[in-house]
Amino acid sequence: MAALGTVKGSGSWFSSLALGVTLLKCLLIPTYHSTDFEVHRNWLAITHSLPLSQWYYEATSEWTLDYPPFFAWFEYVLSHVAKYFDQEMLNVHNLNYFNSRTLLFQRFSVIFTDVLFVYAVHECCKCVDGRKASKELTEKPKFILSVLLLWNFGLLIVDHIHFQYNGFLSGLMLLSIARLFQKRHMEGAFFFAVLLHFKHIYVYVAPAYGIYLLRSYCFTASKPDGSVRWNSFSFIRLISLGLIVFLVSALSLGPFLALNQLPQVFSRLFPFKRGLCHAYWAPNFWALYNAVDKVLSIIGPRGFLRCLILCALSSFMFGWHVHEKAILLAILPMSLLSVEKAGDASIFLILTTTGHYSLFPLLFTTPELPIKILLMLLFTIYSISSLMMLFRKEKPLFNWMETFYLLGLAPLEVCCEFVFPFTSWRLKYPFIPLLMTSVYCAVGVTYAWFRLYVSMLTGPPVGKTKKQ
């Protein structure tokens with residue numbers, strides 16, 4: 001990274017970072033992949049070989065289509081490229097089909113669609129406060145943020161080893177956030193509405209969007225103390241936002257409404273019979289609580305971003321049947337706050353280190369062990385050293401207790417990966433390493449959530465904050 005300090009022009013160093021991580025993704029192509037690889041291959045086959053009316057009914061494979069319609073159309077578009085690699089991968093009855101051409105296509109489809117994520121990161125970097133800018137490129141907040149997002153350890157292992165399309169989806173979320181920072185509220189609302197119809201897990205943070213847009217866009221003026229000027233409410237703006245949501249929803253769900261299949265689509269998106277309904281109701285209650293509790297008293301996109309992260313973290317902590325990968329929903333936007341305040345940097349480092357380590361059990365095969373350890377170490381060391389350098393004139397980012405806790409991850413890893421497999425408990429209690437990892441990381445994530453929430457409640461009054 002230090003070599004990049006001599007590169008002139010923001011476009012050059014950013015392109016170098018993007019190109020570098022793209023090359024790394026290509027190197028990860030032959031690595032282990034999870035059952036999600038077959039999930040997405042099956043969705044390619046469903047959308048390519050069956051009519052629209054059968055997409056949400058097809059059940060030849062156990063991996064039925066259970067994402068919103070926009071993602072189904074996304075798979076449909078990819079399938080028309082996939083046929084030039086291997087037509088057989090698009091046969092619904094070829095369960096667990098796999099060969100080198102299928103591997104190359106699906107891996108490269110993730111890498112290619114990450115272009116949106118790269119663009120979104122570039123837009124987010126424009127929103128970073130440059131007042132702390134140093135003469136050294138590697139100490140500039142924009143450079144640090146670019147590395148934290150483009151080279152994010154969690155995205156690398158979840159998308160490019162485990163296999164998913166979180167980079168593409170996170171790109172939509174970050175682009176939406178960037179547009180709100182840029183006061184382009186209608187575009188921000190549009191991108192988030194589109195995102196919801198790609199993956200419905202983002203409904204967790206919808207309350208933060210709704211309340212922020214209502215407060216900062218529909219109300220056109222504020223009092224000197226920052227409170228709402230109620231007579232400034234614009235029904236035209238409210239209708240405009242509603243129209244965006246309606247049109248995006250109509251485009252997504254309209255064809256299935258015409259086919260009288262909306263109940264079937266919703267039964268796939270919210271499979272109540274599997275007991276997952278709480279993952280979409282209980283979390284939203286907590287998210288709404290967090291959002292309403294503070295958003296109404298905050299002006300500015302940074303306040304919105306803080307509430308969005310709290311919504312995501314609260315949903316992660318209090319939801320039922322939450323996937324460990326959902327921690328990325330909080331880690332990625334938290335990166336934007338980490339380069340602006342020392343307190344947020346401290347919270348980010350604790351959250352990202354424990355959250356990323358909690359993803360280790362996803363990669364349980366021996367060949368990937370050195371890869372995940374090396375990538376985790378590189379990302380963590382860079383994150384801590386760069387943010388410490390950025391805030392070197394302020395108090396230390398960690399106290400002794402936080403330092404002790406983070407260092408404890410090292411003996412935990414040694415115990416789980418190198419000691420436990422050789423004990424007599426390995427066969428009788430195989431769940432112990434996962435249990436230890438989950439409990440230890442839960443402490444760190446909970447602590448980060450608590451600190452973030454307290455920092456929001458005890459933050460300076462709106463009227464005394466600096467203009468953003």
# chains A, B, ... in the order shown; residues from 1 in each chain; ligands from 1
$ residues_around --residues "Val265 (chain A)" --least-positions-apart "3" --cutoff "10 Å" --atoms "only C-alpha atoms" --output "list in words"
Trp55, Tyr56, Tyr57, Leu65, Asp66, Tyr67, Pro68, Pro69, Leu253, Phe256, Leu257, Asn260, Gln261, Leu262, Arg268, Leu269, Phe270 and Pro271 of chain A
$ residues_around --residues "region 353-358 of chain A" --least-positions-apart "3" --cutoff "6 Å" --atoms "only C-alpha atoms" --output "PDB file with N, CA, C and O atoms, in the first residue's frame"
ATOM      1  N   GLY A 154     -14.696  -9.648   5.032  1.00  0.00           N
ATOM      2  CA  GLY A 154     -15.956 -10.382   5.041  1.00  0.00           C
ATOM      3  C   GLY A 154     -16.512 -10.602   3.653  1.00  0.00           C
ATOM      4  O   GLY A 154     -16.950 -11.714   3.308  1.00  0.00           O
ATOM      5  N   LEU A 349     -13.595  -0.901  14.703  1.00  0.00           N
ATOM      6  CA  LEU A 349     -12.540  -1.908  14.787  1.00  0.00           C
ATOM      7  C   LEU A 349     -12.959  -3.098  15.637  1.00  0.00           C
ATOM      8  O   LEU A 349     -12.645  -4.247  15.310  1.00  0.00           O
ATOM      9  N   ILE A 350     -13.672  -2.835  16.723  1.00  0.00           N
ATOM     10  CA  ILE A 350     -14.159  -3.936  17.559  1.00  0.00           C
ATOM     11  C   ILE A 350     -15.222  -4.736  16.812  1.00  0.00           C
ATOM     12  O   ILE A 350     -15.200  -5.979  16.793  1.00  0.00           O
ATOM     13  N   CYS A 441     -17.512 -14.044  20.078  1.00  0.00           N
ATOM     14  CA  CYS A 441     -17.785 -12.940  19.148  1.00  0.00           C
ATOM     15  C   CYS A 441     -19.058 -12.187  19.516  1.00  0.00           C
ATOM     16  O   CYS A 441     -19.158 -10.981  19.277  1.00  0.00           O
ATOM     17  N   GLY A 444     -18.257  -9.301  21.732  1.00  0.00           N
ATOM     18  CA  GLY A 444     -17.717  -8.139  21.036  1.00  0.00           C
ATOM     19  C   GLY A 444     -18.763  -7.377  20.241  1.00  0.00           C
ATOM     20  O   GLY A 444     -18.787  -6.139  20.260  1.00  0.00           O
TER      21      GLY A 444
END
$ closest_residue --among "A:Leu172, A:Leu452, A:Ile327, A:Ile309" --to "Thr113 (chain A)" --atoms "only C-alpha atoms"
A:Leu172
$ residues_around --residues "Leu214 (chain A)" --least-positions-apart "3" --cutoff "10 Å" --atoms "only C-alpha atoms" --output "count of residues only"
14
$ select_by_dssp --residues "region 47-277 of chain A" --states "strand (DSSP E or B)" --output "list of chain:residue names"
A:Phe219, A:Ser222, A:Val228, A:Phe233
$ write_last_selection --atoms "N, CA and C atoms" --output "PDB file, in the first residue's frame"
ATOM      1  N   PHE A 219     -39.931  17.543   5.083  1.00  0.00           N
ATOM      2  CA  PHE A 219     -39.925  18.809   5.812  1.00  0.00           C
ATOM      3  C   PHE A 219     -38.808  19.664   5.232  1.00  0.00           C
ATOM      4  N   SER A 222     -36.158  23.934   9.041  1.00  0.00           N
ATOM      5  CA  SER A 222     -35.996  23.614  10.460  1.00  0.00           C
ATOM      6  C   SER A 222     -35.860  24.903  11.259  1.00  0.00           C
ATOM      7  N   VAL A 228     -38.122  20.347  14.080  1.00  0.00           N
ATOM      8  CA  VAL A 228     -38.930  20.419  12.862  1.00  0.00           C
ATOM      9  C   VAL A 228     -39.770  21.686  12.827  1.00  0.00           C
ATOM     10  N   PHE A 233     -43.934  21.197   5.925  1.00  0.00           N
ATOM     11  CA  PHE A 233     -44.150  19.866   5.333  1.00  0.00           C
ATOM     12  C   PHE A 233     -44.664  19.984   3.897  1.00  0.00           C
TER      13      PHE A 233
END
$ closest_residue --among "A:Leu78, A:Leu351, A:Leu378, A:Ala345" --to "Trp449 (chain A)" --atoms "only C-alpha atoms"
A:Leu351
$ closest_residue --among "A:Leu145, A:Ile111, A:Leu52, A:Ala72" --to "Thr22 (chain A)" --atoms "only C-alpha atoms"
A:Ile111
$ select_by_dssp --residues "region 172-279 of chain A" --states "alpha helix (DSSP H)" --output "ChimeraX atom specification"
/A:172-181,185-196,206-213,235-258,262-269,278-279
$ atom_distance --atom1 "CA of Ser346 (chain A)" --atom2 "CA of Pro207 (chain A)"
26.0 Å
$ closest_atom_pairs --of "region 113-210 of chain A" --to "region 383-399 of chain A" --cutoff "7 Å" --atoms "only C-alpha atoms" --output "tab-separated table"
residue	atom	partner	partner_atom	distance
A:Glu139	CA	A:Leu390	CA	6.1
A:Ile144	CA	A:Ser386	CA	6.8
A:Leu148	CA	A:Ser383	CA	6.9
$ closest_residue --among "A:Ile381, A:Val203, A:Ile347, A:Ala410" --to "Leu308 (chain A)" --atoms "only C-alpha atoms"
A:Val203
$ closest_residue --among "A:Ala59, A:Phe404, A:His48, A:Gln54" --to "Tyr76 (chain A)" --atoms "only C-alpha atoms"
A:His48
$ residues_around --residues "Arg184 (chain A)" --least-positions-apart "6" --cutoff "12 Å" --atoms "only C-alpha atoms" --output "PyMOL selection string"
chain A and resi 175-178+190-191+213+216-217+301
$ residues_around --residues "Lys142 (chain A)" --least-positions-apart "4" --cutoff "8 Å" --atoms "only C-alpha atoms" --output "tab-separated table (two decimals) with N, CA and C atoms, in the first residue's frame"
chain	number	residue	atom	x	y	z
A	125	CYS	N	-16.69	7.77	-1.17
A	125	CYS	CA	-15.45	8.48	-0.83
A	125	CYS	C	-15.58	9.99	-1.05
A	126	LYS	N	-16.46	10.37	-1.97
A	126	LYS	CA	-16.70	11.80	-2.20
A	126	LYS	C	-17.40	12.45	-1.01
A	128	VAL	N	-16.78	11.80	2.21
A	128	VAL	CA	-15.96	11.81	3.41
A	128	VAL	C	-15.45	13.20	3.69
A	130	GLY	N	-12.98	15.85	4.38
A	130	GLY	CA	-11.55	15.92	4.07
A	130	GLY	C	-10.75	16.83	4.98
A	146	SER	N	-11.47	3.63	1.19
A	146	SER	CA	-11.47	2.81	-0.02
A	146	SER	C	-10.93	1.41	0.26
$ decode --residues "region 323-427 of chain A" --atoms "C-alpha atoms" --output "short mmCIF file (atom, residue, chain, number, x, y, z; two decimals), in the first residue's frame"
data_model
loop_
_atom_site.label_atom_id
_atom_site.label_comp_id
_atom_site.auth_asym_id
_atom_site.auth_seq_id
_atom_site.Cartn_x
_atom_site.Cartn_y
_atom_site.Cartn_z
CA HIS A 323 -27.43 -15.73 9.32
CA GLU A 324 -23.91 -14.91 10.45
CA LYS A 325 -23.31 -13.16 7.10
CA ALA A 326 -25.86 -10.49 8.07
CA ILE A 327 -23.18 -8.79 10.18
CA LEU A 328 -21.86 -7.29 6.93
CA LEU A 329 -25.03 -5.22 6.75
CA ALA A 330 -23.66 -3.20 9.68
CA ILE A 331 -19.91 -3.46 9.07
CA LEU A 332 -19.87 -1.96 5.57
CA PRO A 333 -21.77 1.30 6.32
CA MET A 334 -19.90 1.60 9.63
CA SER A 335 -16.73 1.97 7.55
CA LEU A 336 -17.92 5.42 6.46
CA LEU A 337 -18.16 6.64 10.05
CA SER A 338 -14.83 5.10 11.07
CA VAL A 339 -12.70 7.63 9.16
CA GLU A 340 -14.36 10.71 10.64
CA LYS A 341 -14.36 10.27 14.44
CA ALA A 342 -12.00 8.45 16.77
CA GLY A 343 -14.88 7.09 18.84
CA ASP A 344 -16.55 5.62 15.76
CA ALA A 345 -13.21 4.21 14.60
CA SER A 346 -12.86 2.36 17.90
CA ILE A 347 -16.36 0.90 17.63
CA PHE A 348 -15.77 -0.05 14.00
CA LEU A 349 -12.54 -1.91 14.79
CA ILE A 350 -14.16 -3.94 17.56
CA LEU A 351 -17.22 -4.70 15.43
CA THR A 352 -15.35 -5.54 12.25
CA THR A 353 -12.71 -7.70 13.96
CA THR A 354 -15.18 -9.80 15.94
CA GLY A 355 -17.78 -9.79 13.16
CA HIS A 356 -15.26 -10.96 10.57
CA TYR A 357 -13.83 -13.62 12.86
CA SER A 358 -17.36 -14.95 13.43
CA LEU A 359 -17.41 -15.81 9.71
CA PHE A 360 -14.49 -18.24 10.05
CA PRO A 361 -16.71 -21.34 10.53
CA LEU A 362 -18.15 -20.74 7.04
CA LEU A 363 -14.81 -21.90 5.63
CA PHE A 364 -14.20 -25.20 7.39
CA THR A 365 -12.04 -27.00 4.81
CA THR A 366 -8.30 -27.40 5.43
CA PRO A 367 -6.99 -25.75 2.21
CA GLU A 368 -8.84 -22.51 3.04
CA LEU A 369 -7.47 -22.33 6.62
CA PRO A 370 -4.26 -20.41 5.78
CA ILE A 371 -6.15 -18.23 3.28
CA LYS A 372 -8.75 -17.01 5.76
CA ILE A 373 -6.18 -16.48 8.52
CA LEU A 374 -3.83 -14.53 6.24
CA LEU A 375 -6.58 -12.35 4.73
CA MET A 376 -8.07 -11.67 8.16
CA LEU A 377 -4.67 -10.70 9.58
CA LEU A 378 -3.83 -8.40 6.67
CA PHE A 379 -7.18 -6.62 6.78
CA THR A 380 -7.22 -6.32 10.57
CA ILE A 381 -3.65 -5.08 10.85
CA TYR A 382 -4.24 -2.51 8.11
CA SER A 383 -7.55 -1.36 9.63
CA ILE A 384 -6.08 -0.86 13.10
CA SER A 385 -2.79 0.72 11.98
CA SER A 386 -4.36 3.10 9.43
CA LEU A 387 -7.08 4.34 11.79
CA MET A 388 -4.59 4.72 14.64
CA MET A 389 -2.44 6.80 12.31
CA LEU A 390 -5.43 8.87 11.23
CA PHE A 391 -6.38 9.67 14.84
CA ARG A 392 -2.87 9.64 16.33
CA LYS A 393 -3.37 13.11 17.87
CA GLU A 394 -6.38 11.92 19.87
CA LYS A 395 -6.68 9.45 22.74
CA PRO A 396 -5.91 5.74 22.07
CA LEU A 397 -8.61 3.88 20.17
CA PHE A 398 -8.65 0.97 22.66
CA ASN A 399 -8.55 0.77 26.45
CA TRP A 400 -6.80 -2.15 28.17
CA MET A 401 -10.00 -4.23 28.37
CA GLU A 402 -10.77 -3.87 24.66
CA THR A 403 -7.16 -4.66 23.75
CA PHE A 404 -7.20 -7.76 25.95
CA TYR A 405 -10.48 -8.92 24.39
CA LEU A 406 -9.29 -8.51 20.79
CA LEU A 407 -5.98 -10.26 21.51
CA GLY A 408 -8.03 -13.12 22.94
CA LEU A 409 -9.14 -14.01 19.41
CA ALA A 410 -5.65 -15.45 18.76
CA PRO A 411 -5.72 -18.16 21.48
CA LEU A 412 -9.34 -18.85 20.58
CA GLU A 413 -8.32 -19.60 16.98
CA VAL A 414 -5.42 -21.78 18.12
CA CYS A 415 -7.73 -23.71 20.41
CA CYS A 416 -10.48 -24.21 17.81
CA GLU A 417 -8.34 -24.99 14.77
CA PHE A 418 -5.14 -26.55 16.10
CA VAL A 419 -5.85 -28.02 19.55
CA PHE A 420 -9.45 -29.22 19.66
CA PRO A 421 -9.20 -31.47 16.53
CA PHE A 422 -6.60 -33.58 18.36
CA THR A 423 -8.60 -34.04 21.57
CA SER A 424 -10.92 -36.89 22.50
CA TRP A 425 -13.85 -34.43 22.52
CA ARG A 426 -13.63 -33.99 18.74
CA LEU A 427 -16.08 -36.83 18.00
#
